[in-house]
>>> print(open('data.txt').read())   # compact mmCIF, C-alpha atoms
# COMPACT_ATOMS: atom_id res chain seq x y z
CA MET A 275 17.75 6.90 -23.92
CA LYS A 276 16.78 6.61 -20.27
CA ALA A 277 19.33 7.31 -17.56
CA TYR A 278 19.36 8.15 -13.89
CA GLU A 279 20.88 11.40 -12.74
CA ILE A 280 21.86 12.60 -9.31
CA GLN A 281 20.74 16.18 -9.53
CA SER A 282 22.02 17.40 -6.15
CA ASN A 283 23.47 16.04 -2.93
CA ALA A 284 20.00 15.76 -1.37
CA GLY A 285 20.09 11.98 -0.96
CA ILE A 286 18.31 9.14 -2.73
CA ASP A 287 15.36 11.42 -3.53
CA ALA A 288 17.71 13.41 -5.78
CA LEU A 289 18.03 10.35 -8.04
CA LYS A 290 15.85 11.03 -11.09
CA LEU A 291 15.04 9.05 -14.25
CA VAL A 292 15.58 11.34 -17.26
CA ASP A 293 15.81 11.28 -21.04
CA ARG A 294 19.23 11.91 -22.54
CA PRO A 295 20.47 11.72 -26.13
CA GLN A 296 22.00 8.33 -26.89
CA PRO A 297 25.78 8.81 -26.91
CA GLU A 298 27.94 7.99 -29.93
CA PRO A 299 31.47 6.58 -29.72
CA ALA A 300 34.34 8.77 -30.84
CA ALA A 301 37.79 7.47 -31.78
CA ARG A 302 38.94 4.66 -29.44
CA GLN A 303 35.56 4.67 -27.72
CA VAL A 304 32.92 1.95 -27.40
CA LEU A 305 29.13 2.19 -27.14
CA ILE A 306 27.74 -0.29 -24.61
CA LYS A 307 24.13 -1.33 -24.13
CA VAL A 308 24.07 -1.75 -20.35
CA ARG A 309 22.29 -4.90 -19.16
CA ALA A 310 22.86 -4.77 -15.40
CA THR A 311 24.50 -2.68 -12.70
CA SER A 312 25.35 -3.44 -9.07
CA LEU A 313 25.33 -1.22 -6.01
CA ASN A 314 28.18 -0.53 -3.61
CA TYR A 315 28.17 1.40 -0.33
CA ARG A 316 30.14 4.07 -2.15
CA ASP A 317 27.08 4.69 -4.35
CA LEU A 318 25.08 5.63 -1.25
CA LEU A 319 27.77 8.10 -0.20
CA VAL A 320 27.72 9.68 -3.66
CA THR A 321 23.93 10.17 -3.63
CA GLU A 322 24.05 11.69 -0.14
CA GLY A 323 26.91 14.07 -0.87
CA ASN A 324 29.29 12.27 1.51
CA TYR A 325 31.78 10.91 -1.00
CA GLY A 326 34.44 13.48 -0.17
CA SER A 327 35.45 14.76 -3.58
CA LYS A 328 33.58 17.64 -5.15
CA LEU A 329 31.03 16.23 -7.58
CA THR A 330 29.60 17.89 -10.67
CA TYR A 331 25.82 17.65 -11.13
CA PRO A 332 23.91 16.25 -12.87
CA LEU A 333 25.82 12.97 -12.55
CA ILE A 334 24.95 9.49 -13.79
CA PRO A 335 25.78 7.30 -10.78
CA MET A 336 27.18 3.80 -10.19
CA SER A 337 30.58 2.40 -11.04
CA ASP A 338 29.60 -1.23 -11.67
CA GLY A 339 27.92 -2.36 -14.85
CA ALA A 340 28.03 -4.98 -17.58
CA GLY A 341 26.65 -4.96 -21.09
CA GLU A 342 27.05 -5.61 -24.79
CA VAL A 343 29.22 -3.69 -27.23
CA VAL A 344 26.84 -2.34 -29.89
CA ALA A 345 29.13 0.09 -31.76
CA VAL A 346 32.81 1.05 -31.82
CA GLY A 347 34.64 4.19 -32.85
CA GLU A 348 37.61 4.55 -35.16
CA GLY A 349 40.77 2.81 -33.98
CA VAL A 350 39.13 0.41 -31.53
CA THR A 351 41.04 -2.88 -31.43
CA ARG A 352 40.54 -4.32 -27.93
CA VAL A 353 36.86 -5.23 -28.35
CA LYS A 354 34.34 -5.71 -31.16
CA THR A 355 30.58 -5.44 -31.65
CA GLY A 356 28.81 -8.21 -29.78
CA ASP A 357 31.44 -8.60 -27.05
CA ARG A 358 30.23 -8.82 -23.45
CA VAL A 359 32.11 -6.33 -21.31
CA ALA A 360 32.30 -4.52 -18.00
CA GLY A 361 33.80 -1.13 -17.29
CA ILE A 362 36.69 -0.87 -14.85
CA PHE A 363 36.17 1.33 -11.78
CA PHE A 364 39.06 3.73 -12.48
CA GLN A 365 38.91 4.15 -16.22
CA THR A 366 42.59 5.06 -16.64
CA TRP A 367 44.15 2.76 -14.01
CA ILE A 368 45.38 0.07 -16.39
CA ASP A 369 48.34 -1.36 -14.48
CA ASP A 370 51.16 -0.47 -12.07
CA SER A 371 50.44 1.78 -9.09
CA PRO A 372 47.61 4.31 -8.81
CA THR A 373 48.30 8.01 -9.35
CA ARG A 374 46.32 11.13 -8.58
CA GLN A 375 45.35 11.42 -12.23
CA LYS A 376 44.24 7.79 -12.52
CA MET A 377 42.07 8.16 -9.43
CA LYS A 378 40.20 11.06 -11.03
CA SER A 379 38.66 8.64 -13.55
CA ASP A 380 36.23 6.83 -11.22
CA LEU A 381 32.91 5.94 -12.82
CA GLY A 382 29.88 7.37 -11.08
CA GLY A 383 32.02 9.91 -9.21
CA SER A 384 34.48 12.03 -11.14
CA ILE A 385 32.80 10.99 -14.40
CA ASP A 386 29.37 9.68 -15.41
CA GLY A 387 28.70 6.09 -14.39
CA MET A 388 26.72 3.07 -15.53
CA LEU A 389 23.09 3.61 -14.47
CA ALA A 390 21.88 4.26 -18.00
CA GLU A 391 20.58 2.30 -20.97
CA TYR A 392 23.72 3.14 -22.98
CA VAL A 393 27.17 4.39 -22.03
CA VAL A 394 30.31 5.28 -23.97
CA LEU A 395 33.67 4.25 -22.50
CA ASP A 396 37.23 4.25 -23.77
CA GLN A 397 38.31 0.85 -25.07
CA ASP A 398 41.11 0.75 -22.49
CA GLY A 399 38.57 1.01 -19.66
CA LEU A 400 36.91 -2.34 -20.43
CA VAL A 401 37.36 -6.02 -19.65
CA ILE A 402 35.78 -9.04 -21.35
CA LEU A 403 33.35 -10.95 -19.12
CA PRO A 404 33.90 -14.56 -18.04
CA ASP A 405 31.86 -16.74 -20.43
CA HIS A 406 29.95 -18.61 -17.71
CA LEU A 407 28.57 -15.47 -16.05
CA SER A 408 25.35 -13.70 -16.99
CA TYR A 409 25.32 -9.93 -17.32
CA THR A 410 23.62 -9.77 -13.92
CA GLN A 411 26.35 -11.84 -12.28
CA ALA A 412 29.19 -10.04 -14.06
CA ALA A 413 27.89 -6.62 -13.01
CA THR A 414 28.97 -7.47 -9.45
CA LEU A 415 32.68 -7.63 -10.31
CA PRO A 416 34.19 -4.16 -11.00
CA CYS A 417 34.31 -2.80 -7.44
CA ALA A 418 33.66 -5.40 -4.74
CA ALA A 419 35.33 -8.38 -6.42
CA VAL A 420 38.40 -6.46 -7.61
CA THR A 421 38.76 -4.90 -4.16
CA ALA A 422 38.70 -8.31 -2.46
CA TRP A 423 41.14 -9.76 -5.02
CA HIS A 424 43.52 -6.80 -4.67
CA ALA A 425 43.53 -7.13 -0.86
CA LEU A 426 43.87 -10.90 -0.59
CA VAL A 427 45.82 -11.91 -3.68
CA THR A 428 47.67 -8.99 -5.28
CA LYS A 429 48.88 -7.44 -2.03
CA GLY A 430 47.95 -10.09 0.52
CA ASN A 431 49.82 -13.01 -1.07
CA ILE A 432 47.23 -15.38 0.37
CA CYS A 433 48.15 -19.02 0.79
CA ALA A 434 46.64 -22.19 2.20
CA ASN A 435 48.03 -21.82 5.72
CA HIS A 436 46.54 -18.34 6.22
CA THR A 437 43.59 -17.53 8.45
CA ILE A 438 41.49 -14.62 7.17
CA LEU A 439 39.06 -12.54 9.26
CA LEU A 440 36.12 -11.02 7.37
CA LEU A 441 33.81 -8.40 8.86
CA GLY A 442 30.18 -8.58 7.76
CA THR A 443 28.53 -10.16 4.75
CA GLY A 444 28.43 -7.37 2.17
CA GLY A 445 29.83 -7.58 -1.33
CA VAL A 446 33.54 -7.26 -0.54
CA SER A 447 33.41 -9.69 2.40
CA ILE A 448 31.53 -12.38 0.47
CA PHE A 449 33.86 -12.15 -2.52
CA ALA A 450 36.77 -12.32 -0.06
CA LEU A 451 35.22 -15.48 1.42
CA GLN A 452 35.01 -17.07 -2.03
CA PHE A 453 38.58 -16.08 -2.98
CA ALA A 454 39.98 -17.20 0.38
CA LYS A 455 38.40 -20.64 0.03
CA LEU A 456 39.68 -20.79 -3.55
CA HIS A 457 43.16 -20.62 -2.00
CA ASN A 458 42.25 -23.15 0.73
CA ALA A 459 42.69 -20.56 3.49
CA LYS A 460 40.76 -20.70 6.76
CA VAL A 461 38.04 -18.05 7.16
CA ILE A 462 36.48 -16.50 10.26
CA ILE A 463 33.53 -14.22 9.51
CA THR A 464 31.41 -11.91 11.67
CA SER A 465 27.82 -10.66 11.35
CA SER A 466 24.99 -9.49 13.59
CA SER A 467 22.66 -12.00 11.91
CA ASP A 468 22.69 -15.72 12.69
CA GLU A 469 20.87 -16.32 9.41
CA LYS A 470 23.63 -14.59 7.44
CA LEU A 471 26.28 -16.47 9.38
CA ALA A 472 24.58 -19.75 8.51
CA ARG A 473 24.69 -18.80 4.82
CA ALA A 474 28.36 -17.87 5.13
CA LYS A 475 28.99 -21.28 6.67
CA GLN A 476 27.38 -22.89 3.64
CA LEU A 477 29.79 -20.96 1.41
CA GLY A 478 32.75 -22.40 3.30
CA ALA A 479 33.38 -20.15 6.31
CA ASP A 480 35.21 -22.20 8.94
CA GLU A 481 34.22 -20.17 12.01
CA ILE A 482 31.38 -17.71 12.56
CA ILE A 483 30.92 -15.00 15.20
CA ASN A 484 27.80 -12.96 15.95
CA TYR A 485 29.26 -9.60 16.96
CA LYS A 486 25.99 -8.51 18.52
CA THR A 487 25.94 -11.38 21.02
CA THR A 488 29.75 -11.38 21.24
CA PRO A 489 30.71 -7.68 21.31
CA ASN A 490 34.31 -8.48 22.27
CA TRP A 491 34.68 -10.64 19.18
CA GLU A 492 38.41 -10.01 18.90
CA ARG A 493 38.86 -12.18 22.03
CA GLN A 494 36.98 -15.04 20.40
CA VAL A 495 39.08 -14.67 17.25
CA TYR A 496 42.17 -14.89 19.45
CA GLU A 497 40.94 -18.11 21.04
CA LEU A 498 39.88 -19.60 17.69
CA THR A 499 43.44 -19.11 16.40
CA ASN A 500 45.10 -20.84 19.38
CA ARG A 501 45.85 -17.45 20.94
CA VAL A 502 47.91 -16.36 17.94
CA GLY A 503 45.63 -14.10 15.89
CA VAL A 504 44.67 -14.11 12.23
CA ASP A 505 47.05 -13.52 9.36
CA HIS A 506 44.89 -10.97 7.55
CA VAL A 507 41.79 -8.89 8.31
CA ILE A 508 39.55 -7.48 5.57
CA GLU A 509 38.52 -4.37 7.49
CA VAL A 510 35.27 -2.85 6.21
CA GLY A 511 33.89 -1.63 9.54
CA GLY A 512 36.01 1.49 9.77
CA ALA A 513 37.03 3.38 12.89
CA GLY A 514 34.44 1.54 14.97
CA THR A 515 36.04 -1.87 14.44
CA LEU A 516 39.67 -1.15 13.55
CA PRO A 517 40.99 -1.28 17.15
CA GLN A 518 39.43 -4.74 17.55
CA SER A 519 40.80 -5.85 14.19
CA LEU A 520 44.30 -4.82 15.25
CA GLN A 521 43.92 -6.86 18.43
CA ALA A 522 42.68 -9.86 16.43
CA THR A 523 45.70 -9.86 14.08
CA ARG A 524 48.82 -11.93 14.76
CA ILE A 525 52.26 -10.41 15.22
CA GLY A 526 53.53 -9.57 11.76
CA GLY A 527 50.04 -9.85 10.27
CA ARG A 528 48.15 -7.65 7.86
CA VAL A 529 45.01 -5.48 7.91
CA SER A 530 43.41 -4.28 4.67
CA LEU A 531 41.51 -1.01 5.01
CA ILE A 532 38.79 -1.12 2.37
CA GLY A 533 38.16 2.11 0.45
CA VAL A 534 35.52 4.53 1.65
CA LEU A 535 34.35 2.12 4.37
CA THR A 536 37.21 3.02 6.72
CA ARG A 537 36.53 6.62 7.63
CA GLY A 538 36.85 8.73 10.76
CA GLY A 539 37.98 8.17 14.32
CA ASP A 540 41.24 8.33 16.22
CA ILE A 541 43.38 5.20 16.17
CA ASP A 542 46.06 4.31 18.71
CA PRO A 543 49.17 3.35 16.68
CA MET A 544 50.76 1.33 19.50
CA PRO A 545 49.21 -2.06 18.51
CA ILE A 546 50.51 -1.50 14.98
CA LEU A 547 54.01 -0.76 16.24
CA ALA A 548 54.08 -3.39 18.99
CA LYS A 549 52.89 -6.18 16.68
CA SER A 550 54.76 -5.00 13.56
CA LEU A 551 51.51 -5.01 11.59
CA THR A 552 51.11 -4.06 7.95
CA LEU A 553 48.15 -1.77 7.22
CA GLN A 554 47.33 -1.50 3.54
CA GLY A 555 44.81 0.82 1.96
CA ILE A 556 42.76 -0.88 -0.77
CA TYR A 557 40.69 1.23 -3.14
CA VAL A 558 39.46 -1.13 -5.87
CA GLY A 559 42.30 -1.91 -8.33
CA SER A 560 43.64 -1.80 -11.87
CA ARG A 561 42.43 -3.36 -15.12
CA GLU A 562 45.34 -5.78 -14.92
CA MET A 563 44.09 -7.04 -11.53
CA PHE A 564 40.55 -7.33 -12.93
CA GLU A 565 41.73 -9.43 -15.87
CA ILE A 566 43.85 -11.75 -13.72
CA MET A 567 40.90 -12.16 -11.32
CA ASN A 568 38.58 -12.97 -14.23
CA GLN A 569 40.94 -15.75 -15.33
CA ALA A 570 40.63 -17.32 -11.87
CA ILE A 571 36.85 -16.84 -11.83
CA SER A 572 36.60 -18.53 -15.23
CA HIS A 573 38.95 -21.38 -14.39
CA HIS A 574 37.16 -22.22 -11.14
CA GLN A 575 33.65 -21.35 -12.41
CA ILE A 576 33.04 -19.04 -9.45
CA LEU A 577 29.51 -17.59 -9.22
CA PRO A 578 28.97 -14.22 -7.51
CA ILE A 579 26.48 -14.20 -4.63
CA ILE A 580 23.47 -12.02 -5.43
CA ASP A 581 21.06 -10.97 -2.72
CA SER A 582 18.35 -9.31 -4.79
CA VAL A 583 17.57 -7.90 -8.23
CA PHE A 584 15.57 -4.71 -8.88
CA PRO A 585 14.20 -3.47 -12.21
CA PHE A 586 15.61 -0.29 -13.75
CA THR A 587 12.47 1.66 -12.88
CA ALA A 588 12.94 0.79 -9.19
CA ALA A 589 16.55 1.97 -8.85
CA PRO A 590 15.78 4.28 -5.89
CA GLU A 591 14.20 1.33 -4.05
CA ALA A 592 17.42 -0.65 -4.63
CA TYR A 593 19.41 2.17 -3.03
CA ARG A 594 17.04 2.25 -0.06
CA TYR A 595 17.32 -1.50 0.37
CA LEU A 596 21.13 -1.35 0.33
CA LYS A 597 20.97 1.34 3.00
CA THR A 598 19.15 -1.05 5.36
CA ALA A 599 22.23 -3.33 5.33
CA ALA A 600 19.89 -6.33 5.15
CA HIS A 601 21.65 -7.73 2.08
CA PHE A 602 23.94 -10.77 1.85
CA GLY A 603 26.19 -10.34 -1.17
CA LYS A 604 25.28 -7.97 -4.00
CA VAL A 605 22.24 -5.87 -4.89
CA ILE A 606 21.55 -5.62 -8.64
CA ILE A 607 19.63 -3.24 -10.90
CA GLU A 608 18.80 -4.87 -14.24
CA ILE A 609 18.32 -2.69 -17.30
>>> encode(input="data.txt", output="C-alpha cells")
Amino acid sequence: MKAYEIQSNAGIDALKLVDRPQPEPAARQVLIKVRATSLNYRDLLVTEGNYGSKLTYPLIPMSDGAGEVVAVGEGVTRVKTGDRVAGIFFQTWIDDSPTRQKMKSDLGGSIDGMLAEYVVLDQDGLVILPDHLSYTQAATLPCAAVTAWHALVTKGNICANHTILLLGTGGVSIFALQFAKLHNAKVIITSSSDEKLARAKQLGADEIINYKTTPNWERQVYELTNRVGVDHVIEVGGAGTLPQSLQATRIGGRVSLIGVLTRGGDIDPMPILAKSLTLQGIYVGSREMFEIMNQAISHHQILPIIDSVFPFTAAPEAYRYLKTAAHFGKVIIEI
C-alpha cells in the first residue's frame, strides 16, 4: 500500500510517499480503507519537529481520517465490515478524564497516523460517522470539531444567553461558530481578512472584527458587549493574543486555551485573579465526547466547512497551503 512517512524533523520536505506492506488486523483490531484525511496546525508542528514530544521516525502523520471497515480481527464487536468510521485522536481516551498514558496514544504523533491507504486501529479507538456526511466531510471531525465541542459544550456549558469570542477562521474556530449558533449563543469573531469575516457573517457570526485594522480589538469587544465582556473566549492565538483575550472576558468568564496553539510567552496573572476568570486547557477530547457531538451533528444536519481538497499525491502541497494560513475552515487530502 501507499503511505506517507515523515522521515526526519526536516520539515515538509521530509514527507515522503512510500510503499509499505498492507497491515492486517489482530484480535480486537480493525482494518480501515482510508478515504480522506484532514490537516490541523498540529500536523505542521509534527513535520517540522516542533511538536514537543520525542517522535520516532519514520512516522505516518495526521490524526484525522475517515474510511471504510474492510476487515476485522477476532473479538471485534463494536464495528463490522462495511461500516463508515473515523479514528479518535487519542486512541485510548474513551471517557472520563485524560491521563498521561491515554495522552501517549495520539495518532500521527506517538503512534502512526492516518495518511495512508490502509490503517489498522483498535476497535475501541473508532466512532461511526454521521450518515449524512461524506468521508471527506467526516474526516474534519476528530481533532478540530471535538476540540470545539469539548471547549464550548462539555466544559463550557454553553447556553443561549452566552456571548462567545472566536479568534480567526481556522478549523477549531469555524466549528466553534457552528456549535455556538446551534445553541443560539451570540458570536464575535476576528480575522485579518474582510473576505473571511464576510463568510463568517454568512455562517451566523453576529459581530466581526478585523484585527489588522483594529489592533486593540479587545476594546471593541468590550464596547460590543455593553462594556461587560464576553462569557467565553476560544483562544487559539497563543501568547500573542492571550492578554487581550483576558481583557475581553467578563468578570467570572472563561477562556479556553486550545491545545498546541497556545505556546510560549509570559502572562500576567493579575487579570485572571482580579476578574475571577476560569482558564481551561483543551486538548481534543474523549471518544465519549466525539460520540455525543456526532449525535448533535446528525440531529441538526450540520455540514463541516471545507476550504480546499487536495489529492493524495499532492499531500505536501496541502501542508504548504495550510502553512500560509489562507484557509477558511478545513483542508482535506482525499485518498
>>> closest_residue(input="data.txt", among="A:Thr437, A:Gln494, A:Ser465, A:Gln281", to="Arg524 of chain A", atoms="only C-alpha atoms")
A:Thr437
>>> residues_around(input="data.txt", residues="segment 502-504 of chain A", least_positions_apart="6", cutoff="8 Å", atoms="all atoms listed in the file", output="list in words")
His436, Thr437, Ile438, Leu439, Val495, Tyr496, Gln521, Ala522, Thr523, Arg524, Ile525 and Gly527 of chain A
>>> closest_residue(input="data.txt", among="A:Ile556, A:Leu291, A:Ile571, A:Ile579", to="Arg473 of chain A", atoms="all atoms listed in the file")
A:Ile579
>>> closest_residue(input="data.txt", among="A:Leu547, A:Met377, A:Leu441, A:Ala479", to="Ser466 of chain A", atoms="only C-alpha atoms")
A:Leu441
>>> closest_residue(input="data.txt", among="A:Ser572, A:Asn484, A:Asn324, A:Gln397", to="Val343 of chain A", atoms="all atoms listed in the file")
A:Gln397
>>> residues_around(input="data.txt", residues="segment 358-371 of chain A", least_positions_apart="4", cutoff="8 Å", atoms="only C-alpha atoms", output="number ranges by chain")
A: 337-343, 376-381, 395-396, 398-403, 409, 412-413, 416-417, 558-564
>>> closest_atom_pairs(input="data.txt", of="segment 470-506 of chain A", to="segment 511-520 of chain A", cutoff="9 Å", atoms="only C-alpha atoms", output="JSON lines")
{"residue": "A:Asn490", "atom": "CA", "partner": "A:Gln518", "partner_atom": "CA", "distance": 7.9}
{"residue": "A:Trp491", "atom": "CA", "partner": "A:Gln518", "partner_atom": "CA", "distance": 7.7}
{"residue": "A:Glu492", "atom": "CA", "partner": "A:Gln518", "partner_atom": "CA", "distance": 5.5}
{"residue": "A:Arg493", "atom": "CA", "partner": "A:Gln518", "partner_atom": "CA", "distance": 8.7}
>>> closest_residue(input="data.txt", among="A:Leu577, A:Leu426, A:Cys433, A:Ala592", to="Asp405 of chain A", atoms="all atoms listed in the file")
A:Leu577
>>> closest_residue(input="data.txt", among="A:Val353, A:Ala300, A:Gln411, A:Ala284", to="Gly323 of chain A", atoms="all atoms listed in the file")
A:Ala284
>>> axis_aligned_box(input="data.txt", around="segment 326-340 of chain A", padding_each_side="4 Å", output="lines of an AutoDock Vina configuration file")
center_x = 29.7
center_y = 6.5
center_z = -8.9
size_x = 19.5
size_y = 30.9
size_z = 25.4
>>> residues_around(input="data.txt", residues="segment 553-555 of chain A", least_positions_apart="3", cutoff="9 Å", atoms="all atoms listed in the file", output="MDAnalysis selection string")
chainID A and resid 425 429 527:533 546
>>> write_last_selection(input="data.txt", atoms="C-alpha atoms", output="short mmCIF file (atom, residue, chain, number, x, y, z; two decimals), keeping the file's coordinate frame")
data_model
loop_
_atom_site.label_atom_id
_atom_site.label_comp_id
_atom_site.auth_asym_id
_atom_site.auth_seq_id
_atom_site.Cartn_x
_atom_site.Cartn_y
_atom_site.Cartn_z
CA ALA A 425 43.53 -7.13 -0.86
CA LYS A 429 48.88 -7.44 -2.03
CA GLY A 527 50.04 -9.85 10.27
CA ARG A 528 48.15 -7.65 7.86
CA VAL A 529 45.01 -5.48 7.91
CA SER A 530 43.41 -4.28 4.67
CA LEU A 531 41.51 -1.01 5.01
CA ILE A 532 38.79 -1.12 2.37
CA GLY A 533 38.16 2.11 0.45
CA ILE A 546 50.51 -1.50 14.98
#
>>> atom_distance(input="data.txt", atom1="atom CA of Val292 of chain A", atom2="atom CA of Thr410 of chain A")
22.8 Å
>>> atom_distance(input="data.txt", atom1="atom CA of Arg501 of chain A", atom2="atom CA of Ile448 of chain A")
25.5 Å
>>> atom_distance(input="data.txt", atom1="atom CA of His601 of chain A", atom2="atom CA of Asn431 of chain A")
28.8 Å
>>> residues_around(input="data.txt", residues="Val583 of chain A", least_positions_apart="4", cutoff="8 Å", atoms="only C-alpha atoms", output="ChimeraX atom specification")
/A:605-608
>>> residues_around(input="data.txt", residues="Ala390 of chain A", least_positions_apart="2", cutoff="6 Å", atoms="all atoms listed in the file", output="list of chain:residue names")
A:Ala277, A:Met388, A:Tyr392
>>> write_last_selection(input="data.txt", atoms="C-alpha atoms", output="short mmCIF file (atom, residue, chain, number, x, y, z; two decimals), keeping the file's coordinate frame")
data_model
loop_
_atom_site.label_atom_id
_atom_site.label_comp_id
_atom_site.auth_asym_id
_atom_site.auth_seq_id
_atom_site.Cartn_x
_atom_site.Cartn_y
_atom_site.Cartn_z
CA ALA A 277 19.33 7.31 -17.56
CA MET A 388 26.72 3.07 -15.53
CA TYR A 392 23.72 3.14 -22.98
#
>>> build_atoms(input="data.txt", residues="segment 323-339 of chain A", atoms="N, CA and C atoms", output="mmCIF file, keeping the file's coordinate frame")
data_model
loop_
_atom_site.group_PDB
_atom_site.id
_atom_site.type_symbol
_atom_site.label_atom_id
_atom_site.label_comp_id
_atom_site.auth_asym_id
_atom_site.auth_seq_id
_atom_site.Cartn_x
_atom_site.Cartn_y
_atom_site.Cartn_z
ATOM 1 N N GLY A 323 25.949 12.980 -0.939
ATOM 2 C CA GLY A 323 26.910 14.070 -0.870
ATOM 3 C C GLY A 323 28.014 13.846 0.144
ATOM 4 N N ASN A 324 28.277 12.580 0.491
ATOM 5 C CA ASN A 324 29.290 12.270 1.510
ATOM 6 C C ASN A 324 30.495 11.541 0.937
ATOM 7 N N TYR A 325 30.705 11.662 -0.348
ATOM 8 C CA TYR A 325 31.780 10.910 -1.000
ATOM 9 C C TYR A 325 33.150 11.543 -0.791
ATOM 10 N N GLY A 326 33.163 12.829 -0.453
ATOM 11 C CA GLY A 326 34.440 13.480 -0.170
ATOM 12 C C GLY A 326 34.869 14.417 -1.279
ATOM 13 N N SER A 327 35.021 13.903 -2.481
ATOM 14 C CA SER A 327 35.450 14.760 -3.580
ATOM 15 C C SER A 327 34.287 15.619 -4.063
ATOM 16 N N LYS A 328 34.615 16.736 -4.649
ATOM 17 C CA LYS A 328 33.580 17.640 -5.150
ATOM 18 C C LYS A 328 33.008 17.057 -6.433
ATOM 19 N N LEU A 329 31.686 16.840 -6.435
ATOM 20 C CA LEU A 329 31.030 16.230 -7.580
ATOM 21 C C LEU A 329 30.371 17.303 -8.448
ATOM 22 N N THR A 330 30.268 16.994 -9.728
ATOM 23 C CA THR A 330 29.600 17.890 -10.670
ATOM 24 C C THR A 330 28.247 17.304 -11.015
ATOM 25 N N TYR A 331 27.184 18.092 -10.847
ATOM 26 C CA TYR A 331 25.820 17.650 -11.130
ATOM 27 C C TYR A 331 25.321 18.292 -12.421
ATOM 28 N N PRO A 332 24.428 17.595 -13.147
ATOM 29 C CA PRO A 332 23.910 16.250 -12.870
ATOM 30 C C PRO A 332 24.959 15.183 -13.166
ATOM 31 N N LEU A 333 24.865 14.057 -12.438
ATOM 32 C CA LEU A 333 25.820 12.970 -12.550
ATOM 33 C C LEU A 333 25.090 11.646 -12.690
ATOM 34 N N ILE A 334 25.447 10.862 -13.706
ATOM 35 C CA ILE A 334 24.950 9.490 -13.790
ATOM 36 C C ILE A 334 25.732 8.652 -12.788
ATOM 37 N N PRO A 335 25.059 8.000 -11.837
ATOM 38 C CA PRO A 335 25.780 7.300 -10.780
ATOM 39 C C PRO A 335 26.148 5.866 -11.140
ATOM 40 N N MET A 336 26.827 5.225 -10.226
ATOM 41 C CA MET A 336 27.180 3.800 -10.190
ATOM 42 C C MET A 336 28.398 3.449 -11.042
ATOM 43 N N SER A 337 29.336 2.795 -10.388
ATOM 44 C CA SER A 337 30.580 2.400 -11.040
ATOM 45 C C SER A 337 30.485 1.048 -11.729
ATOM 46 N N ASP A 338 29.596 0.176 -11.249
ATOM 47 C CA ASP A 338 29.600 -1.230 -11.670
ATOM 48 C C ASP A 338 28.507 -1.512 -12.692
ATOM 49 N N GLY A 339 28.904 -1.995 -13.850
ATOM 50 C CA GLY A 339 27.920 -2.360 -14.850
ATOM 51 C C GLY A 339 28.511 -3.284 -15.892
#
